[in-house]
>>> print(open('data_6.csv').read())   # CSV, C-alpha atoms and all ligand atoms
chain,number,residue,atom,x,y,z
F,1,MET,CA,118.3,145.2,132.4
F,2,GLY,CA,117.3,142.2,134.6
F,3,SER,CA,116.0,140.1,131.8
F,4,TRP,CA,119.1,140.8,129.7
F,5,ARG,CA,121.4,139.3,132.2
F,6,ALA,CA,119.3,136.3,132.8
F,7,ALA,CA,119.3,135.4,129.1
F,8,SER,CA,122.8,136.2,128.4
F,9,THR,CA,124.4,134.5,131.3
F,10,ALA,CA,123.0,131.2,130.2
F,11,CYS,CA,125.9,131.0,127.7
F,12,GLY,CA,128.3,133.5,129.2
F,13,ASN,CA,130.9,134.9,126.9
F,14,ARG,CA,130.4,132.2,124.3
F,15,CYS,CA,127.1,133.8,123.1
F,16,PRO,CA,127.6,135.4,119.7
F,17,PHE,CA,124.9,137.9,120.8
F,18,ARG,CA,122.6,138.5,123.6
F,19,ILE,CA,118.8,138.0,123.4
F,20,ALA,CA,116.0,138.9,125.7
F,21,VAL,CA,112.3,139.3,125.7
F,22,ARG,CA,111.1,142.8,126.3
F,23,GLU,CA,107.7,142.5,124.8
F,24,PRO,CA,105.7,139.3,124.4
F,25,GLY,CA,105.8,138.0,120.9
F,26,ARG,CA,109.0,139.7,119.9
F,27,LEU,CA,112.6,138.7,120.1
F,28,VAL,CA,114.6,141.8,121.0
F,29,PHE,CA,118.3,142.2,120.6
F,30,ARG,CA,119.9,144.8,122.8
F,31,GLY,CA,123.0,145.7,124.6
F,32,ALA,CA,125.5,143.5,122.9
F,33,LYS,CA,123.2,143.4,120.0
F,34,PRO,CA,124.9,141.4,117.3
F,35,GLY,CA,126.4,143.5,114.5
F,36,PRO,CA,125.9,142.4,110.9
F,37,SER,CA,129.2,140.6,110.9
F,38,VAL,CA,128.3,138.5,114.0
F,39,ARG,CA,124.9,137.6,112.5
F,40,LYS,CA,126.6,136.8,109.2
F,41,THR,CA,129.1,134.5,110.9
F,42,LEU,CA,126.2,132.7,112.7
F,43,TYR,CA,124.3,132.2,109.4
F,44,ILE,CA,127.5,131.0,107.6
F,45,GLN,CA,128.3,128.5,110.4
F,46,LEU,CA,124.7,127.3,110.5
F,47,LEU,CA,124.7,126.9,106.7
F,48,LEU,CA,127.9,125.0,106.7
F,49,LEU,CA,126.6,122.6,109.4
F,50,THR,CA,123.4,122.1,107.5
F,51,VAL,CA,125.3,121.3,104.3
F,52,VAL,CA,127.7,118.9,106.1
F,53,ILE,CA,124.9,117.1,107.9
F,54,GLY,CA,122.7,117.0,104.8
F,55,ALA,CA,125.5,115.6,102.7
F,56,ILE,CA,126.3,112.8,105.1
F,57,THR,CA,122.6,111.9,105.5
F,58,PHE,CA,122.2,112.1,101.7
F,59,VAL,CA,125.1,109.7,101.1
F,60,ILE,CA,123.9,107.2,103.7
F,61,SER,CA,120.3,107.2,102.7
F,62,LEU,CA,120.4,107.5,99.0
F,63,VAL,CA,123.8,106.7,97.6
F,64,ALA,CA,126.0,104.4,99.7
F,65,ILE,CA,123.3,101.8,100.6
F,66,SER,CA,120.7,100.5,98.2
F,67,TRP,CA,117.8,100.2,100.7
F,68,LEU,CA,115.1,99.1,98.1
F,69,PRO,CA,115.2,96.1,95.8
F,70,THR,CA,115.7,96.9,92.1
F,71,VAL,CA,112.5,98.4,90.7
F,72,ALA,CA,111.0,96.0,88.1
F,73,SER,CA,107.7,97.6,87.0
F,74,GLU,CA,106.4,100.8,85.3
F,75,GLU,CA,104.2,101.5,88.3
F,76,GLY,CA,107.1,101.0,90.7
F,77,LYS,CA,109.2,103.6,88.9
F,78,ARG,CA,106.5,106.2,89.5
F,79,ILE,CA,106.3,105.2,93.1
F,80,ASP,CA,110.1,105.4,93.5
F,81,ASP,CA,110.1,108.9,92.1
F,82,ILE,CA,107.8,110.1,94.8
F,83,TYR,CA,109.7,108.2,97.4
F,84,LEU,CA,113.0,109.9,96.2
F,85,PHE,CA,111.4,113.3,96.2
F,86,THR,CA,110.0,112.8,99.7
F,87,SER,CA,113.4,111.5,101.0
F,88,VAL,CA,115.2,114.5,99.7
F,89,ILE,CA,112.7,116.8,101.5
F,90,CYS,CA,113.1,114.8,104.7
F,91,ILE,CA,116.9,115.0,104.4
F,92,GLY,CA,116.8,118.7,104.0
F,93,ILE,CA,114.5,119.3,107.0
F,94,PHE,CA,116.5,116.8,109.1
F,95,ALA,CA,119.8,118.6,108.2
F,96,LEU,CA,118.4,122.0,109.1
F,97,VAL,CA,116.9,120.8,112.4
F,98,ALA,CA,120.0,118.8,113.3
F,99,ALA,CA,122.3,121.8,112.4
F,100,VAL,CA,120.4,124.2,114.6
F,101,THR,CA,120.3,121.6,117.4
F,102,VAL,CA,124.1,120.9,117.2
F,103,TYR,CA,124.8,124.6,116.9
F,104,ALA,CA,122.7,125.4,120.0
F,105,VAL,CA,124.2,122.6,122.0
F,106,LEU,CA,127.8,123.8,121.2
F,107,LYS,CA,127.3,127.5,121.5
F,108,PHE,CA,124.7,128.1,124.1
F,109,ARG,CA,125.9,125.7,126.7
F,110,ALA,CA,125.5,126.9,130.3
F,111,GLY,CA,128.7,127.9,132.0
F,112,PRO,CA,130.1,126.0,135.0
F,113,GLY,CA,128.0,126.4,138.1
F,114,ASP,CA,125.2,128.3,136.2
F,115,MET,CA,122.0,126.8,137.5
F,116,GLU,CA,119.8,129.6,136.3
F,117,ASP,CA,116.9,129.0,133.9
F,118,GLY,CA,117.1,130.7,130.5
F,119,LYS,CA,114.4,133.2,129.8
F,120,PRO,CA,111.4,131.9,127.9
F,121,ILE,CA,111.2,133.2,124.4
F,122,HIS,CA,107.8,133.7,122.9
F,123,GLY,CA,107.1,133.6,119.3
F,124,HIS,CA,108.7,134.8,116.1
F,125,THR,CA,106.3,135.6,113.3
F,126,GLY,CA,108.8,135.2,110.5
F,127,VAL,CA,109.9,131.8,111.6
F,128,GLU,CA,106.3,130.6,112.2
F,129,ILE,CA,105.3,131.7,108.7
F,130,PHE,CA,108.4,130.0,107.3
F,131,TRP,CA,107.7,126.6,109.0
F,132,THR,CA,104.0,126.7,108.2
F,133,VAL,CA,104.1,127.8,104.6
F,134,ILE,CA,107.0,125.7,103.3
F,135,PRO,CA,105.8,122.3,104.7
F,136,THR,CA,102.2,123.1,103.5
F,137,ILE,CA,103.6,123.6,100.0
F,138,LEU,CA,105.7,120.4,100.2
F,139,VAL,CA,102.9,118.2,101.6
F,140,THR,CA,100.5,119.5,99.0
F,141,VAL,CA,102.9,118.8,96.2
F,142,ILE,CA,103.5,115.2,97.5
F,143,GLY,CA,99.7,114.7,97.9
F,144,ILE,CA,98.8,115.9,94.4
F,145,TRP,CA,101.7,114.0,92.8
F,146,SER,CA,100.7,110.8,94.7
F,147,ALA,CA,97.1,111.1,93.5
F,148,VAL,CA,98.3,111.5,89.9
F,149,VAL,CA,100.5,108.4,90.3
F,150,VAL,CA,97.6,106.3,91.8
F,151,VAL,CA,95.4,107.2,88.8
F,152,GLN,CA,98.3,106.5,86.3
F,153,ASN,CA,99.0,103.2,88.0
F,154,ASP,CA,95.4,102.1,88.0
F,155,ASP,CA,95.1,102.9,84.3
F,156,LEU,CA,95.7,99.8,82.2
F,157,PRO,CA,95.4,99.7,78.5
F,158,ASP,CA,92.4,97.7,77.1
F,159,ASP,CA,94.7,95.1,75.8
F,160,HIS,CA,96.1,93.5,79.0
F,161,ARG,CA,96.3,90.0,80.3
F,162,ILE,CA,94.1,88.8,83.1
F,163,VAL,CA,95.3,86.2,85.7
F,164,ASN,CA,93.1,85.0,88.5
F,165,VAL,CA,94.8,84.8,91.8
F,166,GLU,CA,93.5,82.7,94.7
F,167,ALA,CA,95.1,83.4,98.1
F,168,GLN,CA,94.3,81.0,100.9
F,169,GLN,CA,95.9,79.9,104.1
F,170,PHE,CA,98.8,79.6,103.2
F,171,ALA,CA,99.4,79.4,99.5
F,172,TRP,CA,98.9,81.2,96.3
F,173,SER,CA,97.5,79.8,93.1
F,174,PHE,CA,97.0,81.3,89.7
F,175,SER,CA,94.8,80.5,86.8
F,176,TYR,CA,95.0,81.8,83.3
F,177,ILE,CA,91.8,82.7,81.5
F,178,ASP,CA,93.4,84.3,78.4
F,179,GLU,CA,91.8,82.5,75.4
F,180,ARG,CA,94.3,84.1,73.0
F,181,ASP,CA,97.0,81.8,74.2
F,182,GLY,CA,94.7,78.8,74.8
F,183,LEU,CA,95.4,79.1,78.5
F,184,ASN,CA,91.8,79.0,79.5
F,185,GLY,CA,91.5,77.6,83.0
F,186,MET,CA,95.1,76.4,83.3
F,187,GLN,CA,95.9,76.6,87.0
F,188,VAL,CA,99.5,77.0,88.0
F,189,GLY,CA,101.3,77.3,91.3
F,190,GLU,CA,103.5,80.2,90.4
F,191,LEU,CA,102.8,83.4,88.5
F,192,VAL,CA,104.3,83.6,85.0
F,193,VAL,CA,104.0,86.9,83.0
F,194,ARG,CA,105.4,88.4,79.9
F,195,VAL,CA,107.9,91.3,80.3
F,196,ASN,CA,106.4,94.7,79.3
F,197,GLU,CA,102.9,93.3,79.0
F,198,PRO,CA,100.3,94.9,81.3
F,199,VAL,CA,98.6,92.3,83.6
F,200,GLU,CA,95.6,92.6,85.8
F,201,LEU,CA,95.3,90.2,88.7
F,202,HIS,CA,91.8,89.4,89.8
F,203,MET,CA,92.3,88.3,93.4
F,204,ARG,CA,90.0,86.3,95.6
F,205,SER,CA,90.3,84.7,99.0
F,206,PRO,CA,88.1,81.9,100.4
F,207,ASP,CA,89.2,82.3,104.0
F,208,VAL,CA,90.8,85.4,105.6
F,209,ILE,CA,92.4,88.6,104.4
F,210,HIS,CA,95.7,88.2,102.7
F,211,ALA,CA,97.8,90.8,100.8
F,212,PHE,CA,99.7,90.4,97.5
F,213,TRP,CA,103.1,92.1,97.4
F,214,VAL,CA,106.1,91.8,95.0
F,215,PRO,CA,108.8,94.1,96.5
F,216,GLU,CA,110.4,94.7,93.1
F,217,TRP,CA,107.0,95.8,91.7
F,218,ARG,CA,106.3,98.1,94.7
F,219,GLN,CA,102.5,97.8,94.3
F,220,LYS,CA,100.6,96.0,97.0
F,221,GLN,CA,97.0,95.0,97.3
F,222,ASP,CA,94.8,93.2,99.9
F,223,VAL,CA,93.0,90.0,99.0
F,224,VAL,CA,89.7,90.1,100.8
F,225,PRO,CA,87.1,87.3,101.3
F,226,GLY,CA,83.8,88.0,99.5
F,227,ILE,CA,85.1,90.5,97.0
F,228,THR,CA,87.4,90.6,94.1
F,229,THR,CA,90.3,93.0,94.3
F,230,PHE,CA,92.5,94.1,91.4
F,231,TYR,CA,96.2,94.5,91.1
F,232,ARG,CA,97.5,96.1,87.9
F,233,ILE,CA,101.1,95.9,86.9
F,234,THR,CA,103.4,96.3,83.9
F,235,PRO,CA,106.6,94.3,84.5
F,236,THR,CA,109.7,95.9,83.0
F,237,LEU,CA,112.4,93.6,84.1
F,238,GLU,CA,112.9,89.9,83.3
F,239,GLY,CA,113.7,87.7,86.3
F,240,THR,CA,112.3,85.8,89.2
F,241,PHE,CA,110.9,87.8,92.1
F,242,PRO,CA,109.3,86.8,95.4
F,243,ILE,CA,105.5,87.1,96.1
F,244,ILE,CA,105.0,87.8,99.8
F,245,CYS,CA,101.8,87.8,101.8
F,246,THR,CA,101.8,91.0,103.9
F,247,GLU,CA,98.6,90.5,105.9
F,248,LEU,CA,98.9,88.6,109.1
F,249,CYS,CA,96.7,85.7,108.1
F,250,GLY,CA,97.4,82.9,110.6
F,251,LEU,CA,100.1,80.5,111.8
F,252,GLY,CA,101.6,80.0,108.3
F,253,HIS,CA,101.6,83.7,107.3
F,254,SER,CA,105.4,83.9,107.3
F,255,VAL,CA,105.7,81.0,104.9
F,256,MET,CA,102.9,82.2,102.6
F,257,ARG,CA,105.3,83.0,99.8
F,258,ASN,CA,105.6,82.2,96.1
F,259,GLN,CA,107.3,83.7,93.1
F,260,VAL,CA,106.7,85.4,89.9
F,261,ARG,CA,108.7,84.7,86.8
F,262,VAL,CA,108.8,87.5,84.3
F,263,LEU,CA,109.8,86.1,80.9
F,264,SER,CA,110.9,87.5,77.6
F,265,ASP,CA,108.5,87.2,74.7
F,266,ALA,CA,110.1,84.0,73.4
F,267,ASP,CA,110.3,82.3,76.8
F,268,PHE,CA,106.8,83.2,77.6
F,269,ASP,CA,105.5,81.8,74.3
F,270,ALA,CA,107.5,78.6,75.0
F,271,TRP,CA,106.0,78.4,78.5
F,272,VAL,CA,102.5,78.8,77.0
F,273,ALA,CA,103.2,76.1,74.4
F,274,ASP,CA,104.4,73.8,77.2
F,275,GLN,CA,101.2,74.3,79.2
F,276,GLN,CA,99.1,73.7,76.1
F,277,GLN,CA,101.0,70.6,75.3
F,278,ALA,CA,100.6,69.3,78.8
F,279,VAL,CA,96.8,69.9,78.8
F,280,ASP,CA,96.4,68.3,75.4
F,281,SER,CA,98.4,65.2,76.3
F,282,GLY,CA,96.4,64.6,79.4
F,283,GLY,CA,97.1,61.7,81.7
F,284,ALA,CA,100.4,61.3,83.6
F,285,THR,CA,102.2,63.9,81.5
F,286,LEU,CA,99.6,66.5,82.5
F,287,GLY,CA,99.8,65.2,86.0
F,288,GLN,CA,103.5,65.8,86.1
F,289,SER,CA,102.9,69.4,84.9
F,290,VAL,CA,100.2,70.0,87.5
F,291,PHE,CA,102.6,68.6,90.2
F,292,GLN,CA,105.2,71.2,89.1
F,293,ASN,CA,102.7,74.0,88.4
F,294,GLN,CA,101.1,73.7,91.8
F,295,GLY,CA,104.4,73.9,93.6
F,296,CYS,CA,104.0,70.4,95.2
F,297,ALA,CA,107.8,69.9,94.9
F,298,ALA,CA,108.4,72.8,97.3
F,299,CYS,CA,107.1,70.7,100.2
F,300,HIS,CA,107.1,67.1,99.1
F,301,THR,CA,109.7,64.6,98.0
F,302,LEU,CA,108.8,62.6,94.9
F,303,SER,CA,111.7,60.9,93.1
F,304,ALA,CA,109.9,60.7,89.8
F,305,ALA,CA,109.7,64.5,89.7
F,306,ASP,CA,113.2,65.0,91.2
F,307,ALA,CA,111.3,66.7,94.0
F,308,THR,CA,113.1,66.9,97.4
F,309,GLY,CA,110.9,69.1,99.5
F,310,ALA,CA,110.9,68.2,103.2
F,311,VAL,CA,108.1,70.4,104.6
F,312,GLY,CA,105.4,67.8,104.0
F,313,PRO,CA,105.4,64.0,104.0
F,314,ASP,CA,107.7,62.1,101.6
F,315,LEU,CA,105.3,61.0,98.8
F,316,ASP,CA,107.5,58.1,97.8
F,317,SER,CA,106.8,56.4,101.1
F,318,VAL,CA,103.4,57.8,102.4
F,319,LEU,CA,101.5,57.1,99.1
F,320,ALA,CA,102.7,53.5,98.8
F,321,GLY,CA,99.6,51.3,98.9
F,322,GLN,CA,97.1,54.2,98.6
F,323,SER,CA,94.3,54.2,96.2
F,324,ALA,CA,93.4,56.9,93.8
F,325,GLU,CA,90.5,58.0,96.0
F,326,GLU,CA,92.7,58.2,99.1
F,327,ILE,CA,95.2,60.3,97.2
F,328,ARG,CA,92.6,62.6,95.8
F,329,GLN,CA,91.1,63.1,99.3
F,330,SER,CA,94.5,64.1,100.6
F,331,ILE,CA,94.8,66.7,97.9
F,332,VAL,CA,91.4,68.3,98.2
F,333,ASP,CA,91.1,67.9,102.0
F,334,PRO,CA,94.6,67.5,103.4
F,335,ASN,CA,93.4,67.7,107.0
F,336,ASP,CA,91.2,64.6,106.7
F,337,VAL,CA,94.2,62.3,107.4
F,338,ILE,CA,97.4,63.7,108.8
F,339,SER,CA,100.6,61.8,108.4
F,340,GLU,CA,102.4,61.1,111.6
F,341,GLY,CA,104.9,63.8,112.6
F,342,PHE,CA,103.1,66.5,110.5
F,343,ALA,CA,100.8,69.3,111.7
F,344,GLU,CA,97.3,69.9,110.7
F,345,GLY,CA,96.5,73.0,108.6
F,346,VAL,CA,99.9,73.4,107.0
F,347,MET,CA,98.9,72.2,103.5
F,348,PRO,CA,96.1,74.2,101.9
F,349,PRO,CA,93.2,72.3,100.3
F,350,TYR,CA,93.7,72.1,96.5
F,351,GLY,CA,90.0,71.6,95.7
F,352,ALA,CA,90.0,74.5,93.3
F,353,VAL,CA,92.3,72.8,90.8
F,354,PRO,CA,90.3,72.2,87.6
F,355,GLU,CA,88.8,68.7,87.5
F,356,ASP,CA,90.8,67.4,84.5
F,357,GLN,CA,94.0,68.7,86.0
F,358,LEU,CA,93.2,67.1,89.4
F,359,ASP,CA,92.4,63.8,87.7
F,360,ALA,CA,95.7,63.9,85.9
F,361,LEU,CA,97.6,64.7,89.1
F,362,VAL,CA,96.0,61.8,90.9
F,363,GLU,CA,96.7,59.5,88.0
F,364,TYR,CA,100.4,60.6,88.0
F,365,LEU,CA,100.8,60.1,91.8
F,366,VAL,CA,99.2,56.7,91.6
F,367,THR,CA,101.5,55.6,88.8
F,368,GLU,CA,104.6,57.0,90.4
F,369,ALA,CA,104.1,56.4,94.1
F,370,GLY,CA,100.8,54.9,95.0
F,371,GLY,CA,98.8,51.8,94.1
F,401,LIG,CU1,98.3,85.2,103.8
F,401,LIG,CU2,99.7,86.3,105.4
>>> encode(input="data_6.csv", output="structure tokens")
Amino acid sequence: MGSWRAASTACGNRCPFRIAVREPGRLVFRGAKPGPSVRKTLYIQLLLLTVVIGAITFVISLVAISWLPTVASEEGKRIDDIYLFTSVICIGIFALVAAVTVYAVLKFRAGPGDMEDGKPIHGHTGVEIFWTVIPTILVTVIGIWSAVVVVQNDDLPDDHRIVNVEAQQFAWSFSYIDERDGLNGMQVGELVVRVNEPVELHMRSPDVIHAFWVPEWRQKQDVVPGITTFYRITPTLEGTFPIICTELCGLGHSVMRNQVRVLSDADFDAWVADQQQAVDSGGATLGQSVFQNQGCAACHTLSAADATGAVGPDLDSVLAGQSAEEIRQSIVDPNDVISEGFAEGVMPPYGAVPEDQLDALVEYLVTEAGG
């Protein structure tokens, strides 16, 4: 009876039943072996605890707080479904483990002055099969489902738009090569896409590894020097969403942000017409479009463009007296001459802007602020 006492005194009279190990590998109930009603009470209490803890966790994690930004793409919805399924599984397992823990802490507490160790309990085949088989099934389901979603999300219809993306320390630029819209070669500083139209981004980096991420779209992809990586997306929600670099790429990594505008059919067509008109008109009009498109206004002040950025030098004053060559040099190689009070390496070189657009930008800046 020695082993009985040791096990049962650990919780004294509060034990709903007494357990002890008589043979290795088996839990044996004896003496005050729990009758069916005691075991039933235990299971009901455990079940109630599990339900209560599960409900609280469910409400906090999936109902009361919206942890994720609104999903805004076809691909994102599929990813969210898996995420939801995985979360529900995690909540269930957490609730069960927490319930058993809380129950054990409350019921099997050592009595006052009881310093004795509890008896080691070894093995329970039923429980081991349960906690091996169930997780195996769940993980397999998640794995297969994820593989299916990866294939679905990679599968774009033949008729999709292509946008070239260049990521460099520490800016994004986009050029449109879709000849249907006459956007061939137009380079812009923010991504503009049509709602419900599949897009494939062809992404390149001239310097280090960056990563393209739009939280509302869920998909994420690295941009790696030397290769082209692809990002496929079908935006389902109109609006303006942030583009965030998620690869630590240098000192300016945290400010390597941009935005994507998802437009309705009519708005997108109007935007395309604006771009075409700007290209066709050339000169300072195109230059102003390039200034806007390249996002110059985000960092620079230029009264002619109603730009009030303060990250970089105020163009109204620093360009005064500068020639077209000097201004062009500052755009394609910003580190050549650094204005007083500003750090080197903050502005990326804009040498990849198509020649005619660069000419127009320089002309615009000379007209408005330089000369
Ligand atoms: Cu680019 Cu971080």
>>> closest_residue(input="data_6.csv", among="F:Glu166, F:Glu197, F:Asp274, F:Asp267", to="ligand LIG 401 (chain F)", atoms="all atoms listed in the file")
F:Glu166
>>> closest_atom_pairs(input="data_6.csv", of="chain F", to="ligand LIG 401 (chain F)", cutoff="10 Å", atoms="all atoms listed in the file", output="Markdown table")
| residue | atom | partner | partner_atom | distance |
| --- | --- | --- | --- | --- |
| F:Ala167 | CA | F:LIG401 | CU1 | 6.8 |
| F:Gln168 | CA | F:LIG401 | CU1 | 6.5 |
| F:Gln169 | CA | F:LIG401 | CU1 | 5.8 |
| F:Phe170 | CA | F:LIG401 | CU1 | 5.7 |
| F:Ala171 | CA | F:LIG401 | CU1 | 7.3 |
| F:Trp172 | CA | F:LIG401 | CU1 | 8.5 |
| F:Ser205 | CA | F:LIG401 | CU1 | 9.3 |
| F:Asp207 | CA | F:LIG401 | CU1 | 9.6 |
| F:Val208 | CA | F:LIG401 | CU1 | 7.7 |
| F:Ile209 | CA | F:LIG401 | CU1 | 6.8 |
| F:His210 | CA | F:LIG401 | CU1 | 4.1 |
| F:Ala211 | CA | F:LIG401 | CU1 | 6.4 |
| F:Phe212 | CA | F:LIG401 | CU1 | 8.3 |
| F:Asp222 | CA | F:LIG401 | CU1 | 9.6 |
| F:Val223 | CA | F:LIG401 | CU1 | 8.6 |
| F:Ile244 | CA | F:LIG401 | CU2 | 7.9 |
| F:Cys245 | CA | F:LIG401 | CU2 | 4.4 |
| F:Thr246 | CA | F:LIG401 | CU2 | 5.4 |
| F:Glu247 | CA | F:LIG401 | CU2 | 4.4 |
| F:Leu248 | CA | F:LIG401 | CU2 | 4.4 |
| F:Cys249 | CA | F:LIG401 | CU2 | 4.1 |
| F:Gly250 | CA | F:LIG401 | CU2 | 6.6 |
| F:Leu251 | CA | F:LIG401 | CU2 | 8.6 |
| F:Gly252 | CA | F:LIG401 | CU2 | 7.2 |
| F:His253 | CA | F:LIG401 | CU2 | 3.7 |
| F:Ser254 | CA | F:LIG401 | CU2 | 6.5 |
| F:Val255 | CA | F:LIG401 | CU2 | 8.0 |
| F:Met256 | CA | F:LIG401 | CU1 | 5.6 |
| F:Arg257 | CA | F:LIG401 | CU1 | 8.4 |
>>> atom_distance(input="data_6.csv", atom1="CA of Val133 in chain F", atom2="CA of Val97 in chain F")
16.5 Å
>>> atom_distance(input="data_6.csv", atom1="CA of Val127 in chain F", atom2="CA of Leu106 in chain F")
21.8 Å
>>> closest_residue(input="data_6.csv", among="F:Glu74, F:Asp80, F:Glu216, F:Glu363", to="Val290 in chain F", atoms="only C-alpha atoms")
F:Glu363
>>> atom_distance(input="data_6.csv", atom1="CA of Ser66 in chain F", atom2="CA of Gly54 in chain F")
17.9 Å
>>> closest_residue(input="data_6.csv", among="F:Leu365, F:Ile129, F:Val141, F:Val195", to="Gln322 in chain F", atoms="all atoms listed in the file")
F:Leu365
>>> residues_around(input="data_6.csv", residues="Ala343 in chain F", least_positions_apart="2", cutoff="12 Å", atoms="all atoms listed in the file", output="list in words")
Leu251, Gly252, Val311, Gly312, Pro313, Pro334, Asn335, Asp336, Val337, Ile338, Ser339, Glu340, Gly341, Gly345, Val346, Met347 and Pro348 of chain F
>>> residues_around(input="data_6.csv", residues="Met186 in chain F", least_positions_apart="2", cutoff="12 Å", atoms="all atoms listed in the file", output="ChimeraX atom specification")
/F:163-165,173-179,181-184,188-192,272,274-280,286,289-290,293-294,352-358
>>> build_atoms(input="data_6.csv", residues="range 224-241 of chain F", atoms="N, CA and C atoms", output="mmCIF file, keeping the file's coordinate frame")
data_model
loop_
_atom_site.group_PDB
_atom_site.id
_atom_site.type_symbol
_atom_site.label_atom_id
_atom_site.label_comp_id
_atom_site.auth_asym_id
_atom_site.auth_seq_id
_atom_site.Cartn_x
_atom_site.Cartn_y
_atom_site.Cartn_z
ATOM 1 N N VAL F 224 90.673 90.067 99.773
ATOM 2 C CA VAL F 224 89.700 90.100 100.800
ATOM 3 C C VAL F 224 88.527 89.103 100.519
ATOM 4 N N PRO F 225 88.162 88.257 101.494
ATOM 5 C CA PRO F 225 87.100 87.300 101.300
ATOM 6 C C PRO F 225 85.786 88.026 100.864
ATOM 7 N N GLY F 226 85.069 87.463 99.902
ATOM 8 C CA GLY F 226 83.800 88.000 99.500
ATOM 9 C C GLY F 226 83.818 89.041 98.412
ATOM 10 N N ILE F 227 84.972 89.591 98.113
ATOM 11 C CA ILE F 227 85.100 90.500 97.000
ATOM 12 C C ILE F 227 86.281 90.185 96.126
ATOM 13 N N THR F 228 86.286 90.757 94.934
ATOM 14 C CA THR F 228 87.400 90.600 94.100
ATOM 15 C C THR F 228 88.232 91.903 94.097
ATOM 16 N N THR F 229 89.506 91.814 94.385
ATOM 17 C CA THR F 229 90.300 93.000 94.300
ATOM 18 C C THR F 229 91.263 92.905 93.119
ATOM 19 N N PHE F 230 91.736 94.048 92.666
ATOM 20 C CA PHE F 230 92.500 94.100 91.400
ATOM 21 C C PHE F 230 93.895 94.628 91.666
ATOM 22 N N TYR F 231 94.826 94.058 90.947
ATOM 23 C CA TYR F 231 96.200 94.500 91.100
ATOM 24 C C TYR F 231 96.746 94.626 89.648
ATOM 25 N N ARG F 232 97.132 95.841 89.316
ATOM 26 C CA ARG F 232 97.500 96.100 87.900
ATOM 27 C C ARG F 232 99.031 96.381 87.884
ATOM 28 N N ILE F 233 99.694 95.743 86.921
ATOM 29 C CA ILE F 233 101.100 95.900 86.900
ATOM 30 C C ILE F 233 101.673 95.711 85.449
ATOM 31 N N THR F 234 102.720 96.434 85.139
ATOM 32 C CA THR F 234 103.400 96.300 83.900
ATOM 33 C C THR F 234 104.879 95.945 84.183
ATOM 34 N N PRO F 235 105.252 94.657 84.178
ATOM 35 C CA PRO F 235 106.600 94.300 84.500
ATOM 36 C C PRO F 235 107.605 94.800 83.485
ATOM 37 N N THR F 236 108.699 95.374 83.933
ATOM 38 C CA THR F 236 109.700 95.900 83.000
ATOM 39 C C THR F 236 111.002 95.181 83.001
ATOM 40 N N LEU F 237 111.133 94.250 83.942
ATOM 41 C CA LEU F 237 112.400 93.600 84.100
ATOM 42 C C LEU F 237 112.209 92.075 84.133
ATOM 43 N N GLU F 238 112.968 91.345 83.305
ATOM 44 C CA GLU F 238 112.900 89.900 83.300
ATOM 45 C C GLU F 238 113.548 89.366 84.604
ATOM 46 N N GLY F 239 113.045 88.244 85.112
ATOM 47 C CA GLY F 239 113.700 87.700 86.300
ATOM 48 C C GLY F 239 112.659 86.958 87.146
ATOM 49 N N THR F 240 113.126 86.453 88.276
ATOM 50 C CA THR F 240 112.300 85.800 89.200
ATOM 51 C C THR F 240 112.209 86.600 90.505
ATOM 52 N N PHE F 241 111.005 86.948 90.920
ATOM 53 C CA PHE F 241 110.900 87.800 92.100
ATOM 54 C C PHE F 241 109.909 87.183 93.104
#
